[in-house]
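Enquirer: Contents are compact mmCIF, C-alpha atoms; file name structure15.txt:
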```txt
# COMPACT_ATOMS: atom_id res chain seq x y z
CA MET X 1319 -24.92 40.20 -51.66
CA GLU X 1320 -26.71 42.34 -54.24
CA PHE X 1321 -29.27 39.56 -54.68
CA PHE X 1322 -30.27 39.61 -51.00
CA SER X 1323 -30.31 43.41 -50.87
CA GLY X 1324 -32.59 43.36 -53.93
CA ILE X 1325 -34.97 40.97 -52.17
CA VAL X 1326 -35.03 43.15 -49.07
CA ARG X 1327 -35.70 46.25 -51.17
CA PHE X 1328 -38.43 44.41 -53.08
CA LEU X 1329 -40.16 43.43 -49.83
CA GLN X 1330 -39.82 46.89 -48.32
CA GLU X 1331 -41.29 48.58 -51.39
CA GLY X 1332 -44.23 46.18 -51.60
CA GLY X 1333 -46.27 47.79 -48.89
CA VAL X 1334 -48.10 46.33 -45.94
CA PHE X 1335 -49.67 43.44 -47.90
CA ILE X 1336 -46.23 41.91 -48.47
CA TYR X 1337 -46.11 40.73 -44.85
CA PRO X 1338 -49.25 38.53 -44.81
CA ILE X 1339 -48.16 37.05 -48.15
CA ALA X 1340 -44.73 36.29 -46.66
CA PHE X 1341 -46.44 34.63 -43.70
CA ILE X 1342 -48.51 32.51 -46.09
CA LEU X 1343 -45.33 31.49 -47.93
CA VAL X 1344 -43.63 30.38 -44.71
CA LEU X 1345 -46.75 28.55 -43.50
CA GLY X 1346 -47.14 26.82 -46.85
CA ILE X 1347 -43.52 25.66 -46.83
CA VAL X 1348 -43.90 24.25 -43.31
CA ILE X 1349 -47.08 22.34 -44.25
CA ALA X 1350 -45.55 21.09 -47.50
CA VAL X 1351 -42.39 19.77 -45.81
CA GLU X 1352 -44.36 18.07 -43.02
CA ARG X 1353 -46.82 16.46 -45.45
CA TRP X 1354 -44.11 15.34 -47.86
CA TRP X 1355 -42.10 13.74 -45.05
CA PHE X 1356 -45.19 11.95 -43.70
CA LEU X 1357 -46.36 10.71 -47.10
CA ARG X 1358 -42.86 9.62 -48.05
CA SER X 1359 -42.56 7.52 -44.88
CA VAL X 1360 -46.00 5.94 -45.35
CA TYR X 1361 -45.26 5.22 -49.01
CA GLY X 1362 -41.97 3.53 -48.10
CA VAL X 1363 -43.54 1.40 -45.37
CA ASN X 1364 -46.38 0.36 -47.68
CA GLN X 1365 -44.03 -0.57 -50.52
CA ARG X 1366 -41.99 -2.80 -48.20
CA ALA X 1367 -45.21 -4.36 -46.95
CA VAL X 1368 -46.30 -5.12 -50.52
CA GLY X 1369 -43.10 -7.07 -51.09
CA GLN X 1370 -43.53 -9.00 -47.84
CA VAL X 1371 -47.21 -9.87 -48.26
CA GLN X 1372 -47.31 -10.50 -52.00
CA SER X 1373 -46.92 -14.29 -51.81
CA ALA X 1374 -49.33 -14.56 -48.86
CA VAL X 1375 -51.97 -12.59 -50.79
CA ALA X 1376 -51.53 -14.76 -53.90
CA GLN X 1377 -51.94 -17.91 -51.81
CA ALA X 1378 -54.72 -16.47 -49.60
CA ASP X 1379 -52.57 -17.27 -46.57
CA THR X 1380 -54.55 -15.36 -43.95
CA ARG X 1381 -52.45 -16.63 -41.06
CA ARG X 1382 -49.29 -15.22 -42.62
CA ILE X 1383 -51.02 -11.91 -43.29
CA LEU X 1384 -52.05 -11.57 -39.65
CA GLU X 1385 -48.52 -12.46 -38.56
CA LEU X 1386 -47.02 -9.75 -40.75
CA ALA X 1387 -49.62 -7.20 -39.64
CA SER X 1388 -48.87 -7.80 -35.96
CA ASN X 1389 -45.20 -6.91 -36.53
CA SER X 1390 -45.68 -3.88 -38.79
CA THR X 1391 -47.17 -0.40 -38.74
CA ALA X 1392 -47.94 -0.38 -42.48
CA PRO X 1393 -51.47 0.84 -43.26
CA LEU X 1394 -51.70 -1.74 -46.03
CA LEU X 1395 -51.19 -4.62 -43.59
CA ALA X 1396 -53.64 -3.08 -41.13
CA MET X 1397 -56.22 -2.99 -43.92
CA LEU X 1398 -55.62 -6.64 -44.86
CA ALA X 1399 -55.73 -7.73 -41.22
CA SER X 1400 -59.09 -5.98 -40.79
CA GLY X 1401 -60.47 -7.84 -43.80
CA VAL X 1402 -59.15 -11.19 -42.55
CA HIS X 1403 -60.67 -10.68 -39.10
CA ARG X 1404 -64.02 -9.85 -40.69
CA LEU X 1405 -63.75 -12.92 -42.92
CA ARG X 1406 -63.50 -15.16 -39.85
CA SER X 1407 -66.84 -13.90 -38.55
CA SER X 1408 -68.57 -13.57 -41.92
CA SER X 1409 -67.85 -15.41 -45.15
CA ARG X 1410 -69.49 -12.79 -47.36
CA ARG X 1411 -67.16 -10.92 -49.71
CA GLU X 1412 -69.07 -7.68 -49.15
CA ASP X 1413 -68.42 -7.74 -45.40
CA MET X 1414 -64.71 -8.26 -45.94
CA GLU X 1415 -64.66 -5.46 -48.49
CA TYR X 1416 -66.45 -3.06 -46.13
CA ALA X 1417 -64.00 -3.85 -43.33
CA MET X 1418 -61.00 -3.06 -45.55
CA GLU X 1419 -62.69 0.01 -47.02
CA GLU X 1420 -63.23 1.37 -43.51
CA VAL X 1421 -59.49 1.19 -42.83
CA VAL X 1422 -58.69 2.79 -46.20
CA LEU X 1423 -61.05 5.69 -45.43
CA GLU X 1424 -59.52 6.11 -41.99
CA TYR X 1425 -56.01 6.35 -43.41
CA SER X 1426 -57.21 8.55 -46.28
CA LEU X 1427 -58.16 11.21 -43.75
CA ARG X 1428 -54.68 11.06 -42.24
CA LEU X 1429 -52.98 11.13 -45.64
CA GLN X 1430 -55.00 14.12 -46.87
CA LYS X 1431 -54.78 16.05 -43.62
CA ARG X 1432 -53.69 19.68 -44.14
CA THR X 1433 -52.93 19.12 -47.84
CA PRO X 1434 -56.01 21.10 -49.02
CA PHE X 1435 -54.69 24.08 -47.04
CA LEU X 1436 -51.96 24.52 -49.67
CA ALA X 1437 -54.48 25.22 -52.42
CA THR X 1438 -56.34 27.63 -50.13
CA LEU X 1439 -53.13 29.43 -49.17
CA ALA X 1440 -52.18 29.76 -52.84
CA ASN X 1441 -55.54 31.38 -53.63
CA VAL X 1442 -55.33 33.71 -50.65
CA ALA X 1443 -51.78 34.77 -51.58
CA THR X 1444 -52.90 35.63 -55.12
CA LEU X 1445 -55.90 37.62 -53.86
CA LEU X 1446 -53.80 39.49 -51.29
CA GLY X 1447 -51.34 40.37 -54.01
CA LEU X 1448 -54.10 41.78 -56.19
CA LEU X 1449 -55.62 43.65 -53.26
CA GLY X 1450 -52.24 45.14 -52.38
CA THR X 1451 -51.75 46.31 -55.95
CA ILE X 1452 -55.21 47.89 -56.08
CA MET X 1453 -54.66 49.68 -52.78
CA GLY X 1454 -51.25 50.82 -53.99
CA LEU X 1455 -52.73 52.19 -57.21
CA ILE X 1456 -55.42 54.04 -55.28
CA ALA X 1457 -52.74 55.63 -53.10
CA ALA X 1458 -50.60 56.42 -56.15
CA PHE X 1459 -53.37 58.20 -58.04
CA SER X 1460 -54.34 60.10 -54.91
CA ALA X 1461 -50.75 61.29 -54.48
CA VAL X 1462 -50.42 62.23 -58.17
CA ALA X 1463 -53.57 64.34 -58.02
CA ASN X 1464 -51.84 66.82 -55.71
CA ALA X 1465 -48.39 66.65 -57.33
CA ASP X 1466 -46.70 69.14 -59.63
CA PRO X 1467 -47.79 68.58 -63.27
CA SER X 1468 -44.19 68.18 -64.44
CA GLU X 1469 -43.59 65.36 -61.94
CA LYS X 1470 -46.87 63.48 -62.41
CA ALA X 1471 -45.64 61.08 -65.09
CA SER X 1472 -42.48 59.98 -63.26
CA LEU X 1473 -44.26 59.83 -59.90
CA LEU X 1474 -47.12 57.76 -61.34
CA SER X 1475 -44.81 55.28 -63.09
CA SER X 1476 -42.70 54.72 -59.97
CA SER X 1477 -45.81 54.33 -57.78
CA ILE X 1478 -47.35 51.78 -60.15
CA SER X 1479 -44.07 49.83 -60.24
CA VAL X 1480 -44.07 49.61 -56.44
CA ALA X 1481 -47.77 48.66 -56.36
CA MET X 1482 -47.16 45.73 -58.73
CA ASN X 1483 -44.69 44.19 -56.27
CA THR X 1484 -47.50 42.70 -54.19
CA THR X 1485 -49.06 40.96 -57.19
CA ALA X 1486 -45.66 39.61 -58.22
CA PHE X 1487 -44.92 38.33 -54.72
CA GLY X 1488 -48.41 36.83 -54.45
CA LEU X 1489 -47.82 34.85 -57.65
CA ILE X 1490 -44.31 33.88 -56.56
CA THR X 1491 -45.92 32.41 -53.45
CA ALA X 1492 -48.96 30.84 -55.10
CA ILE X 1493 -47.37 29.03 -58.05
CA PRO X 1494 -45.03 26.76 -56.01
CA LEU X 1495 -47.82 26.02 -53.51
CA VAL X 1496 -50.16 24.89 -56.30
CA PHE X 1497 -47.43 22.70 -57.77
CA ILE X 1498 -46.59 21.14 -54.39
CA HIS X 1499 -50.29 20.58 -53.70
CA ALA X 1500 -50.57 18.58 -56.94
CA LEU X 1501 -47.50 16.50 -56.04
CA LEU X 1502 -48.89 15.67 -52.59
CA GLN X 1503 -52.27 14.77 -54.05
CA GLY X 1504 -50.56 12.43 -56.50
CA LYS X 1505 -48.53 10.75 -53.76
CA THR X 1506 -51.67 10.33 -51.63
CA ALA X 1507 -53.60 8.81 -54.54
CA SER X 1508 -50.72 6.41 -55.20
CA ILE X 1509 -50.77 5.13 -51.61
CA ILE X 1510 -54.55 4.68 -51.57
CA ASP X 1511 -54.58 2.97 -54.97
CA THR X 1512 -51.92 0.50 -53.84
CA MET X 1513 -53.93 -0.40 -50.75
CA GLU X 1514 -57.12 -0.91 -52.75
CA MET X 1515 -55.30 -2.98 -55.37
CA VAL X 1516 -53.79 -5.37 -52.82
CA GLY X 1517 -57.14 -5.64 -51.02
CA ILE X 1518 -58.88 -6.66 -54.24
CA LYS X 1519 -56.12 -9.19 -54.97
CA LEU X 1520 -56.64 -10.78 -51.56
CA MET X 1521 -60.41 -11.03 -52.03
CA ASN X 1522 -59.93 -12.60 -55.45
CA SER X 1523 -57.40 -15.10 -54.10
CA ILE X 1524 -59.74 -16.10 -51.29
CA ALA X 1525 -62.62 -16.46 -53.79
CA LYS X 1526 -60.49 -18.67 -56.05
CA GLN X 1527 -59.46 -20.79 -53.09
CA ALA X 1528 -63.09 -21.18 -52.02
CA ASP X 1529 -64.15 -22.11 -55.56
CA GLY X 1530 -61.32 -24.64 -55.76
CA GLY X 1531 -62.41 -26.26 -52.49
CA ALA X 1532 -65.99 -26.45 -53.68
CA ASP X 1533 -64.90 -28.08 -56.94
CA ASP X 1534 -62.84 -30.65 -55.03
CA GLN X 1535 -65.84 -31.57 -52.90
CA LYS X 1536 -68.03 -32.04 -56.01
CA ALA X 1537 -65.37 -34.23 -57.58
```
Would you write out, as structure tokens, the structure that this file holds?
Expert:
Amino acid sequence: MEFFSGIVRFLQEGGVFIYPIAFILVLGIVIAVERWWFLRSVYGVNQRAVGQVQSAVAQADTRRILELASNSTAPLLAMLASGVHRLRSSSRREDMEYAMEEVVLEYSLRLQKRTPFLATLANVATLLGLLGTIMGLIAAFSAVANADPSEKASLLSSSISVAMNTTAFGLITAIPLVFIHALLQGKTASIIDTMEMVGIKLMNSIAKQADGGADDQKA
């Protein structure tokens, strides 16, 4: 109970800038939870798709890839299906690569959506904390100027202690948001890298299959 009363007292003594920082903290938590849940679900779906399509990619079995893509919502399979469809209209490797890259870029926008806000919110929280402290110090020195000389020292020390609360709360808000932002960026990069890796494997398998067919015809 003393812990919660201490938090309430800390917030009350922080001044008016505590409230926008608290709003930023709540907003950041909401964005972080939503993004983590979304990325976690996409990562899980993609990992299952990798296991399902691995043999088809190694064998360049485009029919099997399209069959799996039609029954799944995995971005990875959508990317492979786009490349296979382009391959049927154009045999150039570059065209297939562009088709898959287009899908990767499309999903990259979805994966990175709102994540940069966390870094921005962390910076704003830190700056609001500093601004609150500066405004608090200005008010403290103004009040001390008109105070009794015997009370100036104690009044100034208590006022400075209260003014520092906004900086402390700003850092308490910013540090977790920066950490979470890095985690989400890492998860996003992992998903995109997996898609690109499987796409390259498919193109290499198709190239090997084409080279093998050409060698058979020469023989």
Enquirer: Within 12 Å of (-46.6, 31.2, -53.6) in the file's own coordinates, which protein, DNA or RNA residues have an atom, counting only C-alpha atoms? List them as an MDAnalysis selection string.
Expert: chainID X and resid 1336 1338:1347 1350 1436:1447 1484:1499
Enquirer: Which residues are near Val1363 of chain X? Cut-off 10 Å, all atoms listed in the file, ignore same chain within fewer than 4 positions. Put them as a PyMOL selection string.
Expert: chain X and resi 1357-1359+1367-1368+1390-1395
Enquirer: In Å, rounded to a single decimal, give me how far atom CA of Ile1510 of chain X is from atom CA of Gly1362 of chain X.
Expert: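 Atom-to-atom, atom CA of Gly1362 of chain X to atom CA of Ile1510 of chain X, that is 13.1 Å.
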Enquirer: Rounded to one decimal place, report the atom CA of Ser1409 of chain X-atom CA of Gln1527 of chain X distance in Å.
Expert: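 Computing it gives 12.7 Å between the two atoms.
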Enquirer: In terms of the shortest atom-to-atom distance over only C-alpha atoms, which of X:Gln1372, X:Gln1377, X:Ser1426, X:Gln1365 is closest to Ala1525 of chain X?
Expert: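 Among the listed residues, X:Gln1377 lies closest to Ala1525 of chain X.
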Enquirer: Which residue gives the smallest distance to Gln1503 of chain X among X:Lys1431, X:His1403, X:Arg1382, X:Arg1366, with all atoms listed in the file counted?
Expert: X:Lys1431
Enquirer: What does the distance from atom CA of Met1521 of chain X to atom CA of Val1375 of chain X come to in Å, to one decimal?
Expert: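 Here the two named atoms are 8.7 Å from each other.
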Enquirer: For Leu1429 of chain X, which of X:Val1334, X:Val1371, X:Ala1507, X:Ala1376 is the closest residue, counting only C-alpha atoms?
Expert: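 Among the listed residues, X:Ala1507 lies closest to Leu1429 of chain X.
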Enquirer: From the options X:Leu1448, X:Phe1435, X:Leu1502, X:Gly1401, which residue's atoms come nearest to Trp1355 of chain X, counting all atoms listed in the file?
Expert: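 So, comparing all the options, the nearest one is X:Leu1502.
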Enquirer: Considering all atoms listed in the file, can you say which of X:Phe1335, X:Ile1518, X:Arg1353, X:Ser1373 comes closest to Asn1483 of chain X?
Expert: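 Between X:Phe1335, X:Ile1518, X:Arg1353, X:Ser1373, the residue approaching Asn1483 of chain X most closely is X:Phe1335.
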Enquirer: Pick out the closest residue to Val1360 of chain X from this set: X:Met1453, X:Ala1458, X:Leu1384, X:Arg1428. Count only C-alpha atoms.
Expert: X:Arg1428
Enquirer: Padding of 6 Å on every side, edges along x, y and z, all listed atoms of segment 1331-1340 of chain X included: what centre and edge lengths in Å, to one decimal, does that box have, as lines of an AutoDock Vina configuration file?
Expert:
```
center_x = -45.5
center_y = 42.4
center_z = -48.2
size_x = 20.4
size_y = 24.3
size_z = 18.8
```
Enquirer: Report as a Markdown table: every residue of segment 1342-1403 of chain X with an atom at most 12 Å from segment 1412-1416 of chain X, its closest pair of atoms, and their distance in Å to one decimal, counting all atoms listed in the file, with rows sorted by chain and ascending residue number.
Expert:
```
| residue | atom | partner | partner_atom | distance |
| --- | --- | --- | --- | --- |
| X:Met1397 | CA | X:Glu1415 | CA | 9.9 |
| X:Leu1398 | CA | X:Met1414 | CA | 9.3 |
| X:Ala1399 | CA | X:Met1414 | CA | 10.2 |
| X:Ser1400 | CA | X:Met1414 | CA | 8.0 |
| X:Gly1401 | CA | X:Met1414 | CA | 4.8 |
| X:Val1402 | CA | X:Met1414 | CA | 7.1 |
| X:His1403 | CA | X:Met1414 | CA | 8.3 |
```
Enquirer: Would you output that residue set with C-alpha atoms, as a PDB file, keeping the file's coordinate frame?
Expert:
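Ended up saving to out-v8.pdb:
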```
ATOM      1  CA  MET X1397     -56.220  -2.990 -43.920  1.00  0.00           C
ATOM      2  CA  LEU X1398     -55.620  -6.640 -44.860  1.00  0.00           C
ATOM      3  CA  ALA X1399     -55.730  -7.730 -41.220  1.00  0.00           C
ATOM      4  CA  SER X1400     -59.090  -5.980 -40.790  1.00  0.00           C
ATOM      5  CA  GLY X1401     -60.470  -7.840 -43.800  1.00  0.00           C
ATOM      6  CA  VAL X1402     -59.150 -11.190 -42.550  1.00  0.00           C
ATOM      7  CA  HIS X1403     -60.670 -10.680 -39.100  1.00  0.00           C
TER       8      HIS X1403
END
```
